[in-house]
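Reviewing the structure listed below.
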Amino acid sequence: MEKISKSHDKFFKEVLGDIETAKSFLQHYLPPKIVRLIDPESITIEKDSYVEKDLSEYFFDLLFRVKMQQEEGYVYLLFEHKSKVDKHVSLQLLGYMTSIWKKTVPQPLPVILPVVFYQGREKWEASQWFSNRFSNTDRMDGDLKDYIPDYKYELFEISSLREEEVKGAKRLRIYLDVLRMRSLEGKEAIRETMFRVAVTISELSRTEANERFFQVCTIYLFETMGGEYFQQLSELMGTVSEERSEKMQTIADMLRQEGREKGREEGLEKGIIKGKEEGREELLWKQIAKKFPKTSQKYFERLKSLTIEQLDSLGLELIDMKNEEELKKHLM
């Protein structure tokens, strides 16, 4: 399963965590029959996440409280970062929806509209109706069907969006085009989309919120595009906004420096760990040589292939060993 980078999670929440951008998304990409039922002025963001901790590297979510036909309700957005279609997502969603409902008890349960964000290239063919996860429902007796729960989720398939379908607020259009680039084929199509992203970014007003968005967006692009494409985007940005292009390069330089420093730290840490392992090997070998003086030197080489846990375990067992044959069983 493909993991989500922290910059991807942050980018998603920076865009759709903004009320005006969220309104723009709901108005342009939910079914029109649902949009007309939602009061856009009632939209507020709930801070809780319902994705389990062990899945938080693969999914992220946002929950909006809304009024639908003057009744309290929710729109739940689940971003699924998978390259393959997940047929079990309806079951996961049901668990998250149940967690949301539990918070509203003892009041009447609110309607929850679940929306799945999907950016994989493979076309989504899993059913959006939960009841289709059960087998042979079309041949079930009517009385048995009464026991099958059902609901439908909406699907937002980013890779299938065409250029003319990218609509809404500027930050939303930038976000969607940036995600679409990952599924585009052909350098010309990618270049055209990059230029459109550059133009839209250059049109953003210089507010504090937009500057933060630009920084988060640049970090995401730097980490996901690859050096060649990022450089192309920076050059295209320079044709419409030299200031933005310079800022992109400044952020990229800072990220490269952070990467070099992190690499040095990790290298140092690995060196320390390796040193500790080598120290344990030598100490254990001295103990073995003292207890069994005739032990072959070749077993010292075998010690080097053991993990720290195995070295520790062997050290404890060595205390009770009676002869060299017992030692050989551990080092063969």
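To be explicit about the labels: the chains of the structure tokens are called A, B, and onward in the order shown, and within each one the residues are counted from 1, while ligands get numbers from 1 in the order they are shown.
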
| Skipping near chain neighbours, those fewer than 6 positions away, what residues fall within 9 Å of Leu176 (chain A) using only C-alpha atoms, listed as JSON, numbers by chain? | {"A": [158, 161, 166, 167]}

| field | Who sits within 10 Å of region 16-30 of chain A, only C-alpha atoms, same chain under 3 positions skipped, as an MDAnalysis selection string | value | chainID A and resid 10:13 33:36 38:47 62:64 75 77 113 115 154:156 165:173 175 209

| field | strand (DSSP E) per DSSP on the backbone: members of region 70-209 of chain A, as a list in words | value |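 Strand (DSSP E) members of region 70-209 of chain A, listed: Glu71, Glu72, Gly73, Tyr74, Val75, Tyr76, Leu77, Leu78, Phe79, Glu80, Val111, Ile112, Leu113, Pro114, Val115, Val116, Phe117, Tyr118, Glu154, Leu155, Phe156 and Glu157 of chain A.
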
| query | Mind pulling up the distance from CA of Ile112 (chain A) to CA of Leu91 (chain A)? | reply |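 Between these atoms lies a distance of 14.7 Å.
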
For Asn323 (chain A): contacts at 12 Å, only C-alpha atoms, fewer than 4 positions along chain excluded, given as a compact mmCIF listing (two decimals) with N, CA and C atoms, in the first residue's frame:
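selection14.txt, freshly written:
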```txt
# COMPACT_ATOMS: atom_id res chain seq x y z
N ILE A 288 33.18 -15.98 24.40
CA ILE A 288 33.17 -17.33 23.81
C ILE A 288 34.58 -17.94 23.87
N LYS A 291 35.53 -19.10 27.28
CA LYS A 291 34.84 -20.30 27.75
C LYS A 291 35.23 -21.52 26.93
N PHE A 292 35.41 -21.31 25.59
CA PHE A 292 35.78 -22.42 24.71
C PHE A 292 37.01 -22.00 23.91
N PRO A 293 38.22 -22.12 24.49
CA PRO A 293 39.46 -21.60 23.86
C PRO A 293 39.76 -22.16 22.48
N LYS A 294 39.27 -23.34 22.17
CA LYS A 294 39.61 -23.97 20.88
C LYS A 294 38.58 -23.65 19.78
N THR A 295 37.65 -22.76 20.05
CA THR A 295 36.63 -22.42 19.06
C THR A 295 37.26 -21.79 17.82
N GLU A 317 22.45 -17.20 26.67
CA GLU A 317 22.49 -18.66 26.61
C GLU A 317 23.91 -19.21 26.81
N LEU A 318 24.90 -18.39 26.47
CA LEU A 318 26.29 -18.83 26.60
C LEU A 318 26.63 -19.19 28.05
N ILE A 319 26.01 -18.51 28.97
CA ILE A 319 26.28 -18.73 30.40
C ILE A 319 26.04 -20.19 30.79
N LEU A 327 27.32 -24.48 21.35
CA LEU A 327 27.60 -23.17 20.71
C LEU A 327 27.46 -23.28 19.20
N LYS A 328 27.97 -24.38 18.64
CA LYS A 328 27.94 -24.55 17.17
C LYS A 328 26.52 -24.54 16.64
N LYS A 329 25.56 -25.05 17.42
CA LYS A 329 24.17 -25.10 16.97
C LYS A 329 23.64 -23.69 16.71
```
